[in-house]
file my_file.txt (compact mmCIF, C-alpha atoms)
# COMPACT_ATOMS: atom_id res chain seq x y z
CA MET D 4 0.00 0.00 0.00
CA THR D 5 1.45 3.36 -0.97
CA PRO D 6 1.43 6.28 1.52
CA THR D 7 -1.06 8.07 -0.75
CA GLU D 8 -3.45 5.11 -0.67
CA TYR D 9 -3.08 4.84 3.09
CA GLU D 10 -3.82 8.54 3.56
CA TYR D 11 -6.85 8.25 1.31
CA LEU D 12 -8.23 5.30 3.30
CA ARG D 13 -7.53 7.06 6.60
CA LYS D 14 -9.45 10.12 5.54
CA PHE D 15 -12.17 8.03 3.93
CA LEU D 16 -12.73 6.07 7.15
CA LYS D 17 -12.63 9.22 9.29
CA ASP D 18 -15.26 10.88 7.09
CA ASN D 19 -17.48 7.82 6.71
CA SER D 20 -17.30 6.20 10.12
CA GLY D 21 -15.46 8.47 12.53
CA LEU D 22 -12.80 5.79 12.87
CA ASP D 23 -9.57 7.66 13.55
CA LEU D 24 -6.57 5.57 12.54
CA SER D 25 -3.09 6.72 13.47
CA ALA D 26 -0.35 6.89 10.87
CA ASP D 27 0.88 3.32 11.43
CA LYS D 28 -2.21 1.17 10.96
CA GLN D 29 -1.27 -0.25 7.54
CA TYR D 30 -1.34 -3.72 9.05
CA LEU D 31 -4.87 -3.35 10.34
CA ILE D 32 -6.14 -2.00 7.04
CA GLU D 33 -4.45 -4.77 5.06
CA SER D 34 -5.68 -7.54 7.35
CA ARG D 35 -9.27 -6.35 7.08
CA LEU D 36 -9.46 -5.03 3.54
CA LEU D 37 -7.35 -7.49 1.55
CA PRO D 38 -9.83 -10.36 2.08
CA LEU D 39 -12.63 -7.98 1.15
CA ALA D 40 -10.82 -6.83 -2.01
CA ARG D 41 -10.21 -10.43 -3.08
CA LYS D 42 -13.83 -11.34 -2.43
CA ALA D 43 -14.86 -8.46 -4.68
CA GLY D 44 -12.58 -9.81 -7.40
CA LEU D 45 -10.08 -6.97 -7.09
CA SER D 46 -6.33 -7.39 -7.31
CA GLY D 47 -5.55 -5.60 -4.06
CA ILE D 48 -5.71 -2.42 -2.01
CA ALA D 49 -4.73 -0.21 -4.96
CA GLU D 50 -7.67 -1.32 -7.06
CA LEU D 51 -9.97 -1.11 -4.03
CA VAL D 52 -8.96 2.52 -3.52
CA GLN D 53 -9.63 3.24 -7.21
CA LYS D 54 -13.14 1.78 -6.87
CA LEU D 55 -13.80 3.83 -3.74
CA GLN D 56 -12.60 6.97 -5.48
CA ALA D 57 -14.96 6.16 -8.36
CA GLY D 58 -17.75 6.12 -5.78
CA SER D 59 -18.76 2.44 -5.68
CA ARG D 60 -21.63 2.53 -3.16
CA ALA D 61 -21.65 -1.16 -2.28
CA LEU D 62 -17.92 -1.19 -1.64
CA ILE D 63 -18.09 1.90 0.57
CA THR D 64 -20.49 0.13 2.92
CA ASP D 65 -18.43 -3.06 2.90
CA VAL D 66 -15.20 -1.22 3.68
CA VAL D 67 -16.71 0.77 6.55
CA GLU D 68 -18.25 -2.38 8.00
CA ALA D 69 -15.09 -4.41 7.69
CA MET D 70 -13.09 -1.72 9.48
CA THR D 71 -15.53 -0.98 12.28
CA THR D 72 -17.20 -4.30 13.04
CA ASN D 73 -15.80 -5.59 16.26
CA GLU D 74 -15.90 -9.29 15.62
CA THR D 75 -16.65 -10.85 18.92
CA PHE D 76 -18.08 -14.24 19.53
CA PHE D 77 -18.16 -16.85 22.24
CA PHE D 78 -14.87 -18.68 22.89
CA ARG D 79 -13.24 -16.61 20.16
CA ASP D 80 -10.07 -18.34 18.88
CA LYS D 81 -10.70 -21.30 21.27
CA VAL D 82 -7.02 -21.60 22.28
CA PRO D 83 -7.04 -18.88 24.99
CA PHE D 84 -9.98 -20.59 26.67
CA ASP D 85 -8.19 -23.95 26.54
CA HIS D 86 -5.24 -22.20 28.21
CA PHE D 87 -7.59 -20.73 30.78
CA ARG D 88 -9.20 -24.07 31.63
CA ASP D 89 -6.18 -26.37 31.37
CA HIS D 90 -3.29 -24.18 32.49
CA ILE D 91 -4.22 -20.86 34.08
CA MET D 92 -7.01 -21.97 36.43
CA PRO D 93 -5.28 -25.12 37.72
CA GLU D 94 -2.26 -22.92 38.62
CA VAL D 95 -4.45 -20.26 40.20
CA ILE D 96 -6.39 -22.85 42.20
CA LYS D 97 -3.10 -24.17 43.57
CA ALA D 98 -1.56 -20.75 44.22
CA ARG D 99 -4.67 -19.26 45.86
CA ALA D 100 -5.75 -22.34 47.83
CA GLY D 101 -5.30 -20.39 51.07
CA LYS D 102 -7.04 -17.21 49.97
CA ARG D 103 -9.72 -18.97 47.89
CA SER D 104 -10.26 -15.94 45.72
CA VAL D 105 -9.62 -15.18 42.07
CA ARG D 106 -9.94 -11.87 40.23
CA ILE D 107 -10.17 -11.76 36.43
CA TRP D 108 -10.24 -8.68 34.21
CA CYS D 109 -11.51 -8.61 30.62
CA ALA D 110 -9.97 -5.35 29.47
CA ALA D 111 -11.87 -5.31 26.18
CA GLY D 112 -15.05 -7.00 27.29
CA SER D 113 -17.07 -5.64 24.39
CA THR D 114 -20.59 -7.07 24.15
CA GLY D 115 -19.91 -9.69 26.81
CA GLN D 116 -19.05 -12.83 24.86
CA GLU D 117 -15.54 -13.04 26.32
CA PRO D 118 -16.39 -12.50 30.00
CA TYR D 119 -19.37 -14.84 29.73
CA SER D 120 -17.22 -17.48 28.01
CA LEU D 121 -14.89 -17.28 31.02
CA ALA D 122 -17.88 -17.44 33.36
CA MET D 123 -19.04 -20.61 31.58
CA CYS D 124 -15.55 -22.14 31.93
CA LEU D 125 -15.57 -21.36 35.64
CA LYS D 126 -19.06 -22.74 36.05
CA GLU D 127 -17.94 -26.02 34.46
CA MET D 128 -15.15 -26.27 37.06
CA SER D 129 -17.32 -25.16 39.96
CA ALA D 130 -16.54 -28.35 41.95
CA ALA D 131 -12.92 -27.18 42.31
CA LEU D 132 -14.05 -23.66 43.22
CA THR D 133 -16.57 -24.40 45.98
CA GLY D 134 -16.37 -21.67 48.61
CA TRP D 135 -14.23 -19.45 46.36
CA ARG D 136 -14.82 -15.79 45.71
CA VAL D 137 -14.75 -15.38 41.91
CA GLU D 138 -14.74 -11.91 40.34
CA ILE D 139 -14.85 -11.15 36.63
CA ILE D 140 -14.61 -7.45 35.77
CA ALA D 141 -15.43 -6.62 32.16
CA THR D 142 -14.57 -3.15 30.93
CA ASP D 143 -15.21 -1.41 27.66
CA LEU D 144 -14.98 2.07 26.26
CA SER D 145 -18.51 2.24 24.92
CA GLN D 146 -21.53 2.62 27.19
CA GLU D 147 -23.78 1.22 24.48
CA VAL D 148 -21.68 -1.91 24.20
CA LEU D 149 -21.68 -2.29 28.00
CA GLU D 150 -25.47 -2.12 28.12
CA LYS D 151 -25.67 -4.99 25.67
CA ALA D 152 -23.11 -6.96 27.67
CA LYS D 153 -25.06 -6.38 30.89
CA ALA D 154 -28.34 -7.54 29.35
CA GLY D 155 -26.62 -10.67 28.02
CA VAL D 156 -29.15 -11.00 25.20
CA TYR D 157 -27.86 -12.37 21.90
CA SER D 158 -29.33 -13.01 18.47
CA GLN D 159 -29.67 -16.51 17.04
CA PHE D 160 -26.75 -15.69 14.78
CA GLU D 161 -24.52 -14.59 17.68
CA VAL D 162 -25.16 -17.69 19.80
CA GLN D 163 -24.17 -19.92 16.89
CA ARG D 164 -20.67 -18.44 16.64
CA GLY D 165 -18.21 -20.36 18.79
CA LEU D 166 -20.72 -21.63 21.32
CA PRO D 167 -21.20 -25.41 21.50
CA ILE D 168 -24.87 -26.35 21.36
CA GLN D 169 -24.73 -28.10 24.75
CA MET D 170 -23.55 -24.86 26.35
CA LEU D 171 -26.33 -22.90 24.66
CA VAL D 172 -28.96 -25.26 26.06
CA LYS D 173 -27.34 -25.35 29.48
CA HIS D 174 -26.51 -21.67 30.06
CA PHE D 175 -29.08 -19.69 28.04
CA LYS D 176 -32.78 -19.12 28.06
CA GLN D 177 -34.65 -18.61 24.81
CA ILE D 178 -36.73 -15.44 24.66
CA GLY D 179 -38.58 -15.27 21.35
CA GLU D 180 -35.91 -15.06 18.65
CA THR D 181 -33.14 -14.19 21.10
CA TRP D 182 -31.18 -15.98 23.77
CA GLN D 183 -30.30 -14.60 27.20
CA ILE D 184 -27.46 -15.92 29.31
CA ASN D 185 -28.66 -17.27 32.68
CA PRO D 186 -28.87 -14.89 35.70
CA GLU D 187 -26.35 -16.98 37.63
CA LEU D 188 -23.68 -16.38 34.97
CA ARG D 189 -24.65 -12.74 34.50
CA ALA D 190 -24.15 -12.25 38.24
CA MET D 191 -20.55 -13.48 37.93
CA VAL D 192 -19.58 -10.53 35.72
CA GLN D 193 -19.34 -6.86 36.72
CA HIS D 194 -19.42 -4.38 33.84
CA ARG D 195 -17.61 -1.05 34.00
CA GLN D 196 -16.89 1.70 31.53
CA LEU D 197 -13.19 2.30 31.09
CA ASN D 198 -10.82 3.85 28.61
CA LEU D 199 -7.51 2.00 28.64
CA LEU D 200 -5.75 5.28 27.92
CA HIS D 201 -6.87 6.53 31.34
CA ASP D 202 -5.72 5.46 34.78
CA PHE D 203 -7.09 2.06 35.79
CA ALA D 204 -5.27 1.56 39.11
CA GLN D 205 -8.61 1.83 40.94
CA LEU D 206 -9.62 -1.59 39.58
CA GLY D 207 -7.11 -3.22 41.92
CA THR D 208 -4.89 -6.18 41.13
CA PHE D 209 -5.82 -9.28 39.17
CA ASP D 210 -4.74 -12.89 38.89
CA VAL D 211 -5.70 -13.04 35.21
CA ILE D 212 -6.02 -10.27 32.62
CA PHE D 213 -7.56 -10.89 29.19
CA CYS D 214 -6.60 -7.99 26.93
CA ARG D 215 -7.29 -9.31 23.46
CA ASN D 216 -7.57 -7.57 20.10
CA VAL D 217 -7.67 -4.04 21.48
CA LEU D 218 -4.01 -3.01 21.60
CA ILE D 219 -3.80 -3.36 17.80
CA TYR D 220 -5.66 -0.06 17.64
CA PHE D 221 -2.92 1.84 19.49
CA ASP D 222 0.46 3.13 18.40
CA GLN D 223 3.64 1.66 19.80
CA GLY D 224 4.20 4.25 22.54
CA THR D 225 0.64 3.83 23.81
CA LYS D 226 0.99 0.05 23.74
CA ILE D 227 4.14 0.21 25.86
CA ASN D 228 2.45 2.58 28.29
CA ILE D 229 -0.55 0.25 28.64
CA PHE D 230 1.64 -2.84 29.12
CA ASN D 231 3.59 -1.10 31.85
CA ARG D 232 0.40 -0.06 33.63
CA LEU D 233 -1.11 -3.55 33.19
CA ALA D 234 2.02 -4.93 34.87
CA ARG D 235 1.17 -2.90 37.97
CA GLN D 236 -2.36 -4.37 38.14
CA ILE D 237 -1.32 -8.00 37.82
CA GLU D 238 -0.23 -10.31 40.64
CA PRO D 239 3.46 -11.35 40.34
CA ASP D 240 2.31 -14.91 39.61
CA GLY D 241 -0.61 -13.81 37.40
CA PHE D 242 -1.35 -14.36 33.72
CA LEU D 243 -1.85 -11.97 30.81
CA VAL D 244 -3.69 -13.18 27.70
CA LEU D 245 -3.29 -11.27 24.43
CA GLY D 246 -4.92 -11.69 21.02
CA ALA D 247 -3.47 -14.03 18.42
CA ALA D 248 -1.84 -11.20 16.46
CA GLU D 249 -0.45 -9.36 19.50
CA THR D 250 2.75 -9.66 21.50
CA VAL D 251 4.83 -7.90 24.15
CA VAL D 252 8.04 -8.98 22.44
CA GLY D 253 10.11 -5.99 21.41
CA LEU D 254 7.86 -3.60 23.33
CA THR D 255 8.36 -4.25 27.04
CA ASP D 256 10.17 -6.61 29.38
CA THR D 257 7.48 -6.34 32.05
CA PHE D 258 5.91 -9.54 30.63
CA ARG D 259 7.41 -12.68 29.12
CA PRO D 260 5.76 -15.16 26.75
CA ILE D 261 5.14 -18.70 27.97
CA ALA D 262 6.70 -21.28 25.69
CA GLU D 263 4.29 -23.46 23.71
CA ARG D 264 1.28 -21.40 24.82
CA ARG D 265 0.51 -18.82 22.18
CA GLY D 266 -0.91 -15.56 23.51
CA LEU D 267 -0.11 -16.33 27.14
CA TYR D 268 2.28 -14.16 29.17
CA ARG D 269 3.44 -13.81 32.77
CA PRO D 270 4.80 -10.75 34.50
CA ASN D 271 8.57 -10.63 34.87
CA ASP D 272 9.68 -10.38 38.45
CA PRO D 273 10.92 -6.79 38.88
CA ARG D 274 13.51 -8.14 41.34
CA ALA D 275 14.89 -10.38 38.60
CA ALA D 276 15.36 -7.33 36.39
CA ALA D 277 17.15 -5.58 39.26
CA ALA D 278 19.38 -8.63 39.69
CA LYS D 279 20.76 -8.39 36.15
CA PRO D 280 24.07 -6.71 37.17
CA VAL D 281 24.71 -9.59 39.59
CA LEU D 282 24.32 -12.08 36.75
CA ALA D 283 26.70 -10.03 34.64
CA ALA D 284 29.27 -10.22 37.44
CA VAL D 285 28.87 -13.98 37.66
CA ALA D 286 29.24 -14.55 33.94
CA PRO D 287 33.00 -13.88 33.61
CA ARG D 288 33.69 -16.26 36.47
CA MET D 289 31.77 -18.99 34.70
CA ALA D 290 33.65 -18.26 31.52
CA ALA D 291 36.88 -18.57 33.45
CA MET D 292 35.76 -21.91 34.87
CA ALA D 293 34.87 -23.14 31.41
CA GLY D 294 38.35 -22.18 30.28
CA ARG D 295 40.06 -24.40 32.82
CA MET T 3 -11.00 -36.01 1.59
CA LYS T 4 -13.77 -36.16 4.20
CA THR T 5 -17.30 -36.85 3.04
CA CYS T 6 -20.49 -35.06 4.01
CA LEU T 7 -24.04 -36.12 3.25
CA VAL T 8 -26.40 -33.15 2.96
CA VAL T 9 -30.01 -34.12 3.69
CA ASP T 10 -32.62 -31.47 2.95
CA ASP T 11 -35.81 -31.41 0.91
CA SER T 12 -34.96 -27.96 -0.49
CA SER T 13 -32.66 -28.11 -3.50
CA VAL T 14 -31.67 -24.48 -2.88
CA VAL T 15 -30.52 -25.25 0.66
CA ARG T 16 -28.62 -28.31 -0.60
CA LYS T 17 -26.89 -26.20 -3.25
CA ILE T 18 -25.84 -23.52 -0.73
CA ALA T 19 -24.66 -26.13 1.75
CA ARG T 20 -22.73 -27.95 -0.96
CA ARG T 21 -20.92 -24.77 -1.98
CA ILE T 22 -19.93 -24.03 1.63
CA LEU T 23 -18.87 -27.61 2.39
CA GLU T 24 -16.85 -27.94 -0.81
CA GLY T 25 -15.11 -24.74 0.26
CA LEU T 26 -14.22 -26.55 3.48
CA GLU T 27 -12.85 -29.40 1.34
CA PHE T 28 -15.60 -31.96 1.82
CA GLU T 29 -16.77 -34.37 -0.82
CA VAL T 30 -20.52 -33.81 -0.81
CA THR T 31 -23.43 -36.14 -1.55
CA GLU T 32 -27.06 -35.08 -1.37
CA ALA T 33 -30.35 -36.67 -0.36
CA GLU T 34 -33.81 -35.08 -0.43
CA ASP T 35 -35.30 -37.06 2.46
CA GLY T 36 -34.36 -39.37 5.32
CA SER T 37 -35.22 -42.53 3.45
CA LYS T 38 -32.93 -41.72 0.48
CA ALA T 39 -30.22 -40.67 2.96
CA LEU T 40 -30.50 -44.01 4.73
CA GLU T 41 -30.04 -45.87 1.43
CA ILE T 42 -26.81 -43.94 0.85
CA CYS T 43 -25.62 -44.66 4.39
CA ARG T 44 -26.32 -48.40 4.01
CA ARG T 45 -23.91 -48.41 1.05
CA LYS T 46 -21.25 -46.25 2.71
CA LEU T 47 -21.30 -44.10 5.82
CA PRO T 48 -20.11 -40.50 5.42
CA ASP T 49 -17.87 -38.68 7.90
CA ALA T 50 -20.53 -36.03 8.46
CA VAL T 51 -24.25 -35.56 7.97
CA LEU T 52 -25.81 -32.10 7.67
CA LEU T 53 -29.40 -32.92 8.48
CA ASP T 54 -32.70 -31.10 8.08
CA TRP T 55 -35.52 -32.08 10.44
CA ASN T 56 -38.81 -31.73 8.56
CA MET T 57 -38.83 -33.66 5.30
CA PRO T 58 -41.37 -35.82 3.43
CA VAL T 59 -41.20 -39.65 3.55
CA MET T 60 -38.79 -39.84 6.53
CA ASP T 61 -37.81 -36.91 8.74
CA GLY T 62 -34.30 -36.17 9.95
CA PHE T 63 -34.82 -37.39 13.49
CA GLU T 64 -36.11 -40.78 12.39
CA PHE T 65 -33.28 -41.09 9.86
CA MET T 66 -30.70 -40.43 12.58
CA GLY T 67 -32.17 -43.21 14.75
CA HIS T 68 -31.90 -45.75 11.88
CA MET T 69 -28.43 -44.59 10.86
CA ARG T 70 -27.05 -44.79 14.40
CA ARG T 71 -28.11 -48.47 14.55
CA LEU T 72 -26.21 -49.39 11.37
CA PRO T 73 -22.85 -51.14 11.85
CA GLY T 74 -20.40 -48.26 12.43
CA GLY T 75 -23.36 -45.88 12.54
CA ASP T 76 -22.10 -44.28 15.73
CA GLN T 77 -19.14 -42.82 13.79
CA PRO T 78 -20.56 -40.07 11.54
CA LYS T 79 -20.89 -36.62 13.11
CA VAL T 80 -24.48 -35.51 12.78
CA VAL T 81 -25.11 -31.76 12.62
CA PHE T 82 -28.77 -30.83 12.49
CA CYS T 83 -29.60 -27.83 10.33
CA THR T 84 -33.22 -26.86 10.72
CA THR T 85 -35.73 -24.08 11.29
CA GLU T 86 -36.82 -25.88 14.48
CA ASN T 87 -35.10 -23.44 16.81
CA ASN T 88 -36.51 -24.23 20.24
CA VAL T 89 -34.89 -25.87 23.23
CA ALA T 90 -37.24 -28.88 23.16
CA HIS T 91 -36.16 -29.85 19.64
CA ILE T 92 -32.48 -29.21 20.37
CA ALA T 93 -32.62 -31.36 23.51
CA GLN T 94 -34.45 -34.12 21.62
CA ALA T 95 -31.84 -34.08 18.84
CA LEU T 96 -28.93 -34.23 21.29
CA SER T 97 -30.41 -37.07 23.31
CA GLY T 98 -31.15 -38.89 20.03
CA GLY T 99 -27.48 -38.84 19.08
CA ALA T 100 -26.85 -35.51 17.30
CA ASN T 101 -23.40 -33.96 17.75
CA GLU T 102 -24.24 -30.34 16.93
CA TYR T 103 -27.21 -28.24 15.97
CA ILE T 104 -27.59 -25.33 13.57
CA MET T 105 -30.67 -23.12 13.60
CA LYS T 106 -31.53 -21.81 10.13
CA PRO T 107 -30.72 -19.42 8.57
CA PHE T 108 -27.08 -20.42 8.44
CA ASP T 109 -23.98 -19.11 6.69
CA LYS T 110 -20.44 -20.26 6.03
CA ASP T 111 -19.17 -18.99 9.39
CA ILE T 112 -21.75 -20.93 11.38
CA ILE T 113 -21.14 -24.15 9.45
CA ALA T 114 -17.36 -23.76 9.84
CA ASP T 115 -17.70 -23.05 13.58
CA LYS T 116 -19.98 -26.01 14.21
CA PHE T 117 -17.90 -28.41 12.10
CA ALA T 118 -14.79 -27.27 14.00
CA GLU T 119 -16.67 -27.78 17.25
CA VAL T 120 -17.15 -31.49 16.56
CA GLY T 121 -13.64 -31.94 15.15
CA LEU T 122 -14.54 -32.30 11.47
CA ILE T 123 -12.22 -29.44 10.51
CA PRO T 124 -9.34 -27.84 12.43
CA VAL T 125 -10.25 -24.81 14.56
CA GLY T 126 -7.95 -22.56 12.55
CA GLN T 127 -9.89 -23.25 9.38
CA ALA T 128 -13.05 -21.90 10.99
CA MET T 129 -11.33 -18.55 11.47
CA VAL T 130 -10.70 -17.87 7.79

call {"tool": "encode", "arguments": {"input": "my_file.txt", "output": "structure tokens"}}
result
Amino acid sequence: MTPTEYEYLRKFLKDNSGLDLSADKQYLIESRLLPLARKAGLSGIAELVQKLQAGSRALITDVVEAMTTNETFFFRDKVPFDHFRDHIMPEVIKARAGKRSVRIWCAAGSTGQEPYSLAMCLKEMSAALTGWRVEIIATDLSQEVLEKAKAGVYSQFEVQRGLPIQMLVKHFKQIGETWQINPELRAMVQHRQLNLLHDFAQLGTFDVIFCRNVLIYFDQGTKINIFNRLARQIEPDGFLVLGAAETVVGLTDTFRPIAERRGLYRPNDPRAAAAKPVLAAVAPRMAAMAGR
Amino acid sequence: MKTCLVVDDSSVVRKIARRILEGLEFEVTEAEDGSKALEICRRKLPDAVLLDWNMPVMDGFEFMGHMRRLPGGDQPKVVFCTTENNVAHIAQALSGGANEYIMKPFDKDIIADKFAEVGLIPVGQAMV
């Protein structure tokens, strides 16, 4: 994509949807618009831009929708929820056996599918959590989105994305053409409005933070700033879960990836970082020993 | 290549389903009612059945009962695909041996999600 094309799309999206992309969102545009261009039988972004400039009505709608639709469905990407059930929660249950309390934050809770997916996971393991205090805090920028999350009412289309049929029957009640998640699960989630750019220290500290598919919208400096502030809200033995296309690598050393578990990170011990000079002092001695 | 038997009395629905399933790399056969579907299954069982409920001659639920009693008939994954969208029907289908359940209307994403759910296609493929 040429800079001219990018600038055109930026302005086009600002004018048509209010979406305000910073100067470095080429990746986001390509990942959303290339599939759309191909589907429309176009060779790529360049031809798509030409069509938009020529005023193709149908394409204008498609492009705006592709860029602004926040795809969110139950158990999105599956893998993070497998991690949650098979790795994160068993560790948390062990580590917090004395306290019997777990706090989870969905930092981009959107319309509720992610926090409710976690609530369903926890419900399925309720035998291991008897007598535990379980908190799920779901935050989102948009009040409108939060209202939908709170109501927990989903269309027939929405409940068929990612949600196994057994879970639908077990955890939802049918109301006309829609499905509402059961009161028991709704009660497990607290919804709060929050802009990640603002201070979030008041939320307290968490054992698990899900922060998926939201940081892609921010520039590098903002990402680093958010990671560093997330690190202050996470327990030293906590877990951070990012989206499939996101990473801390190259941005911050406050978190480290967990091998073999894509999207899963743990906070680095700040004391370990402080201990680096000690390691440096040890290294020459080891080299000397090796030389013997 | 995995095989999928599409059972629906609407030729339009069968055509749409075929297009989607071929996109997911299934070899597709079609039947317009449960009885014809059962004949096909007696010759060779498919890996998957996408199954309408209400059809002339033999409905989808009755077909599933007969198919499940065939030798090896417990193997195919049965995904209902019907306008019957209430809990009673879903519960009946599941207790009768269905693996998943799609409420019409459906699209490619729903089929891909449900087929991934029962292990007919890898999860990653459902994301495309």

call {"tool": "closest_residue", "arguments": {"input": "my_file.txt", "among": "D:Cys124, D:Val172, D:Ile227, D:Ala40", "to": "Asp65 in chain D", "atoms": "all atoms listed in the file"}}
result
D:Ala40

call {"tool": "atom_distance", "arguments": {"input": "my_file.txt", "atom1": "CA of Lys176 in chain D", "atom2": "CA of Arg195 in chain D"}}
result
24.3 Å

call {"tool": "interface_residues", "arguments": {"input": "my_file.txt", "of": "chain T", "to": "chain D", "cutoff": "8 Å", "atoms": "all atoms listed in the file", "output": "tab-separated table (two decimals) with C-alpha atoms, in the frame of the given file"}}
result
chain	number	residue	atom	x	y	z
T	88	ASN	CA	-36.51	-24.23	20.24
T	89	VAL	CA	-34.89	-25.87	23.23
T	92	ILE	CA	-32.48	-29.21	20.37
T	93	ALA	CA	-32.62	-31.36	23.51
T	102	GLU	CA	-24.24	-30.34	16.93
T	103	TYR	CA	-27.21	-28.24	15.97
T	104	ILE	CA	-27.59	-25.33	13.57
T	105	MET	CA	-30.67	-23.12	13.60
T	108	PHE	CA	-27.08	-20.42	8.44
T	111	ASP	CA	-19.17	-18.99	9.39
T	112	ILE	CA	-21.75	-20.93	11.38
T	115	ASP	CA	-17.70	-23.05	13.58
T	116	LYS	CA	-19.98	-26.01	14.21
T	119	GLU	CA	-16.67	-27.78	17.25
T	125	VAL	CA	-10.25	-24.81	14.56
T	126	GLY	CA	-7.95	-22.56	12.55
T	129	MET	CA	-11.33	-18.55	11.47

call {"tool": "atom_distance", "arguments": {"input": "my_file.txt", "atom1": "CA of Pro124 in chain T", "atom2": "CA of Asp49 in chain T"}}
result
14.5 Å

call {"tool": "atom_distance", "arguments": {"input": "my_file.txt", "atom1": "CA of Asp143 in chain D", "atom2": "CA of Gly115 in chain D"}}
result
9.6 Å

call {"tool": "residues_around", "arguments": {"input": "my_file.txt", "residues": "Met3 in chain T", "least_positions_apart": "6", "cutoff": "12 Å", "atoms": "all atoms listed in the file", "output": "ChimeraX atom specification"}}
result
/T:23-24,26-30,48-50,122-123

call {"tool": "residues_around", "arguments": {"input": "my_file.txt", "residues": "Asp18 in chain D", "least_positions_apart": "6", "cutoff": "12 Å", "atoms": "only C-alpha atoms", "output": "VMD selection string"}}
result
chain D and resid 11 to 12 24 63 67

call {"tool": "residues_around", "arguments": {"input": "my_file.txt", "residues": "range 80-86 of chain T", "least_positions_apart": "4", "cutoff": "10 Å", "atoms": "only C-alpha atoms", "output": "PyMOL selection string"}}
result
chain T and resi 6-10+48-56+62-63+66+70+76+90-92+95-96+99-108+113+116-117+120

call {"tool": "write_last_selection", "arguments": {"input": "my_file.txt", "atoms": "C-alpha atoms", "output": "JSON list (two decimals), keeping the file's coordinate frame"}}
result
[["chain", "number", "residue", "atom", "x", "y", "z"],
["T", 6, "CYS", "CA", -20.49, -35.06, 4.01],
["T", 7, "LEU", "CA", -24.04, -36.12, 3.25],
["T", 8, "VAL", "CA", -26.40, -33.15, 2.96],
["T", 9, "VAL", "CA", -30.01, -34.12, 3.69],
["T", 10, "ASP", "CA", -32.62, -31.47, 2.95],
["T", 48, "PRO", "CA", -20.11, -40.50, 5.42],
["T", 49, "ASP", "CA", -17.87, -38.68, 7.90],
["T", 50, "ALA", "CA", -20.53, -36.03, 8.46],
["T", 51, "VAL", "CA", -24.25, -35.56, 7.97],
["T", 52, "LEU", "CA", -25.81, -32.10, 7.67],
["T", 53, "LEU", "CA", -29.40, -32.92, 8.48],
["T", 54, "ASP", "CA", -32.70, -31.10, 8.08],
["T", 55, "TRP", "CA", -35.52, -32.08, 10.44],
["T", 56, "ASN", "CA", -38.81, -31.73, 8.56],
["T", 62, "GLY", "CA", -34.30, -36.17, 9.95],
["T", 63, "PHE", "CA", -34.82, -37.39, 13.49],
["T", 66, "MET", "CA", -30.70, -40.43, 12.58],
["T", 70, "ARG", "CA", -27.05, -44.79, 14.40],
["T", 76, "ASP", "CA", -22.10, -44.28, 15.73],
["T", 90, "ALA", "CA", -37.24, -28.88, 23.16],
["T", 91, "HIS", "CA", -36.16, -29.85, 19.64],
["T", 92, "ILE", "CA", -32.48, -29.21, 20.37],
["T", 95, "ALA", "CA", -31.84, -34.08, 18.84],
["T", 96, "LEU", "CA", -28.93, -34.23, 21.29],
["T", 99, "GLY", "CA", -27.48, -38.84, 19.08],
["T", 100, "ALA", "CA", -26.85, -35.51, 17.30],
["T", 101, "ASN", "CA", -23.40, -33.96, 17.75],
["T", 102, "GLU", "CA", -24.24, -30.34, 16.93],
["T", 103, "TYR", "CA", -27.21, -28.24, 15.97],
["T", 104, "ILE", "CA", -27.59, -25.33, 13.57],
["T", 105, "MET", "CA", -30.67, -23.12, 13.60],
["T", 106, "LYS", "CA", -31.53, -21.81, 10.13],
["T", 107, "PRO", "CA", -30.72, -19.42, 8.57],
["T", 108, "PHE", "CA", -27.08, -20.42, 8.44],
["T", 113, "ILE", "CA", -21.14, -24.15, 9.45],
["T", 116, "LYS", "CA", -19.98, -26.01, 14.21],
["T", 117, "PHE", "CA", -17.90, -28.41, 12.10],
["T", 120, "VAL", "CA", -17.15, -31.49, 16.56]]

call {"tool": "residues_around", "arguments": {"input": "my_file.txt", "residues": "Ser37 in chain T", "least_positions_apart": "5", "cutoff": "10 Å", "atoms": "only C-alpha atoms", "output": "list in words"}}
result
Val9, Ile42, Cys43, Met57, Pro58, Val59, Met60, Asp61, Gly62, Glu64, Phe65 and His68 of chain T

call {"tool": "residues_around", "arguments": {"input": "my_file.txt", "residues": "range 144-152 of chain D", "least_positions_apart": "2", "cutoff": "12 Å", "atoms": "all atoms listed in the file", "output": "MDAnalysis selection string"}}
result
chainID D and resid 73 75 110:119 140:142 154:158 183:184 188:190 192:201 217

call {"tool": "closest_residue", "arguments": {"input": "my_file.txt", "among": "T:Gly67, T:Ala33, T:Lys38, T:Gln94", "to": "Lys17 in chain T", "atoms": "only C-alpha atoms"}}
result
T:Ala33

call {"tool": "closest_residue", "arguments": {"input": "my_file.txt", "among": "D:Phe78, D:Trp135, D:Trp108, D:Tyr9", "to": "Val244 in chain D", "atoms": "all atoms listed in the file"}}
result
D:Trp108

call {"tool": "closest_residue", "arguments": {"input": "my_file.txt", "among": "D:Phe203, D:Cys214, D:Leu245, D:Phe209", "to": "Arg232 in chain D", "atoms": "only C-alpha atoms"}}
result
D:Phe203

call {"tool": "closest_residue", "arguments": {"input": "my_file.txt", "among": "D:Lys97, D:Ala247, D:Phe213, D:Glu50", "to": "Thr5 in chain D", "atoms": "only C-alpha atoms"}}
result
D:Glu50
